[in-house]
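Heads up, the thing below is written out as structure tokens.
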Amino acid sequence: MESNATKIIFAILAAVVLFSPAAYAASNELTIGNIVLRNESYYTPFPVEPGSYFDFFASIKNIGRNPTTVSCGIDPKFPFSIDAGQENYRTFTDLADAKEAIMKFHIRVDDSAVEGDNNLDITCVYPDIGQTNTAQYKIAVQAKASTVNIESVSVFPLQIQPGQKGIVTVRVKSASPNYLRDFKINLGIGADTMPFAVVNGTNERLVSQIDPFESVAFSFELMAYPSAAAGVYKLPLTITYSDKLGRAYSISQFSGLVVGSTPKLEVAAESTTISRAGSTGKVLVRIMNRGLTSVKTLQVKLLPSKDYVILSSASQYIGAINADDFETAEFRVHVSENATSPVSFSTVLEYTDTSNAAYTQVAAATLPLFTQVEAIQYGLETIPDNTLTYIILLLVVLYLVYKFVLPAISGFYSEYFGKQKGKKD
């Protein structure tokens, strides 16, 4: 009987407190009947972001002298919500005096949450007396800067030749949990220092919206000017966009574009002193650059062969050769008597282009050989002047006649006529 009277008295006192205004302490402490509801401003992460989740912690403590039953939870309103399948209320049965319990709620923040303090309501229900009360806690909502990462910039082909086209593809990825709007990417093409033009389009691409964490690729078709000098050019990239709150962002970065092509070297041989097998003289090896870009350094080496003997240095440094130009290397050789036409001079070309890329090329230059008659006929040789030789030969013949023939003839005549004279006598 006495126990029932005590319960009635506590119920009346709880009802009086329950219907009174909520009391907040400096630490966000709320007393509801014999229950103290506390949130030490503890939720993580802090601040919370639109479109994300956070964990909210609150504690309840029975400050009365008797155990009590209480059910506390949240009935979230915009911009907060709890995913389906999660409990939003916790019930504590016969919570003992001075006993404290911790509640944790996993709460979602709406994508369109307004920045600033937003109210989160916590409600406590006393089933024994059928009363409820609601407290509000302020949750700081702040959107992080909506960032975009340039994942890659690819160019095909890697080296664009003057006058030819290439494709530049810029892949970007949103690092924001929210939508990005008015997304624009701009290539800094058109300046005098950039020998490129955008073809089949413009130097800008615009997308009205990019989804959270979406990756998007933008392609541009470029053409290098025919007069573009070989080298590496800095390509300016500018990206602008805005987030859902209307805040504007701008990103400026650089990538590289390479203009150039592989040099195309050809060789040819010529000589003004060698026309026949067995000749000794100088061979000029002409190295021609048929490519679109210049050669920065060039070393020429003449390889040995059974058809000739190298009498000079076998290696010569030439240096630079501009596009559509040539240089020569000179070698002194003796062509073998057994060499057949045409004789082939094999060379090794070691060179670098304007980007310092190194190349090694083996190339052969041929030189025709002629007979003496052909060489005279083609004006490569002149008819030899043998007058002196003839005079010497004539003098030799006269000497021999005088020395051997005349004495013999003289003796023969003397003997013959002597016999004839004897017969007459």
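Here, A, B, ... name the chains of the structure tokens in the order displayed, residue numbers run from 1 inside each chain, and ligands are numbered from 1 in the same displayed order.
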Using only C-alpha atoms, which residues sit within 10 Å of Pro76 of chain A once same-chain residues fewer than 5 positions away are excluded, as a VMD selection string? chain A and resid 81 to 82 88 107 to 108 119 to 122
What lies within 9 Å of Gly64 of chain A using only C-alpha atoms, ignoring chain neighbours under 3 positions off, as a PyMOL selection string? chain A and resi 33-35+67-68+96-98
Let's see if you can do this: from backbone DSSP, list all strand (DSSP E) residues in segment 136-361 of chain A, as an MDAnalysis selection string. chainID A and resid 136:141 148:156 159:160 165:174 180:187 196:199 204:210 215:224 231:242 248:259 265:270 280:289 295:302 308:310 315:317 325:335 343:353 358:361
Need the shell around Ile251 of chain A: protein/DNA/RNA residues with any atom at most 7 Å away, counting only C-alpha atoms. Skip same-chain ones fewer than 2 positions apart. Format as a ChimeraX atom specification? /A:238-240,249,253
Restricted to N, CA and C atoms, what would the selected residues look like written as a PDB file, in the first residue's frame?
ATOM      1  N   THR A 238      42.590  24.857 -68.218  1.00  0.00           N
ATOM      2  CA  THR A 238      41.805  25.610 -67.240  1.00  0.00           C
ATOM      3  C   THR A 238      40.452  24.931 -67.076  1.00  0.00           C
ATOM      4  N   ILE A 239      40.094  24.629 -65.833  1.00  0.00           N
ATOM      5  CA  ILE A 239      38.812  23.986 -65.518  1.00  0.00           C
ATOM      6  C   ILE A 239      38.037  24.898 -64.570  1.00  0.00           C
ATOM      7  N   THR A 240      36.795  25.159 -64.903  1.00  0.00           N
ATOM      8  CA  THR A 240      35.920  25.946 -64.042  1.00  0.00           C
ATOM      9  C   THR A 240      34.626  25.171 -63.811  1.00  0.00           C
ATOM     10  N   TYR A 249      34.605  27.553 -58.746  1.00  0.00           N
ATOM     11  CA  TYR A 249      35.953  27.030 -58.593  1.00  0.00           C
ATOM     12  C   TYR A 249      36.686  27.154 -59.925  1.00  0.00           C
ATOM     13  N   GLN A 253      46.252  24.186 -64.754  1.00  0.00           N
ATOM     14  CA  GLN A 253      47.412  23.304 -64.761  1.00  0.00           C
ATOM     15  C   GLN A 253      48.014  23.291 -66.160  1.00  0.00           C
TER      16      GLN A 253
END
Phe213 of chain A environment, 10 Å, only C-alpha atoms, sequence neighbours closer than 6 positions dropped, as a PyMOL selection string: chain A and resi 147-148+172-180
Using only C-alpha atoms for the distances, tell me which of A:Ser146, A:Thr328, A:Thr280, A:Ser275 is nearest to Glu374 of chain A.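 Checking each of A:Ser146, A:Thr328, A:Thr280, A:Ser275 against Glu374 of chain A, counting only C-alpha atoms, the winner is A:Ser275.
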Would you list the contacts of Val216 of chain A as a list in words, taking every protein, DNA or RNA residue within 10 Å and counting only C-alpha atoms, but skipping same-chain residues closer than 4 positions in sequence?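 Near Val216 of chain A, the qualifying residues are Ile150, Glu151, Val170, Arg171, Val172, Lys173, Ser174, Val207, Ile210 and Asp211 of chain A.
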Using only C-alpha atoms, which residues sit within 10 Å of Thr340 of chain A once same-chain residues fewer than 6 positions away are excluded, as a list of chain:residue names?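 Contacts, in chain order: A:Arg276, A:Ala277, A:Asp307, A:Pro368, A:Leu369, A:Phe370.
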In Å, rounded to a single decimal, give me how far atom CA of Tyr233 of chain A is from atom CA of Arg205 of chain A. 21.3 Å
Atomic separation - atom CA of Gln131 of chain A relative to atom CA of Pro79 of chain A, Å: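 Separation between atom CA of Pro79 of chain A and atom CA of Gln131 of chain A: 26.9 Å.
Nearest residue to Ile63 of chain A, choosing from A:Asp110, A:Glu100, A:Glu214, A:Asp325 and counting only C-alpha atoms: A:Glu100.
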Give me the residues near Lys144 of chain A as a list in words, where near means some atom within 12 Å (using only C-alpha atoms) and where sequence neighbours in that chain fewer than 3 positions away do not count.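 What passes the distance filter is Phe46, Pro47, Val48, Glu49, Pro50, Gly51, Ser52, Glu115, Val141, Thr147, Ala175, Ser176, Pro177, Asn178, Asp243, Lys244, Leu245 and Arg247 of chain A.
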Min atom-atom distance to Ile185 of chain A from the set A:Tyr317, A:Tyr225, A:Tyr241, A:Phe92, counting only C-alpha atoms, belongs to A:Tyr241
For atom CA of Glu330 of chain A and atom CA of Gln316 of chain A, determine how far apart the two atoms are, in Å to one decimal place.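 Atom CA of Glu330 of chain A sits 8.2 Å away from atom CA of Gln316 of chain A.
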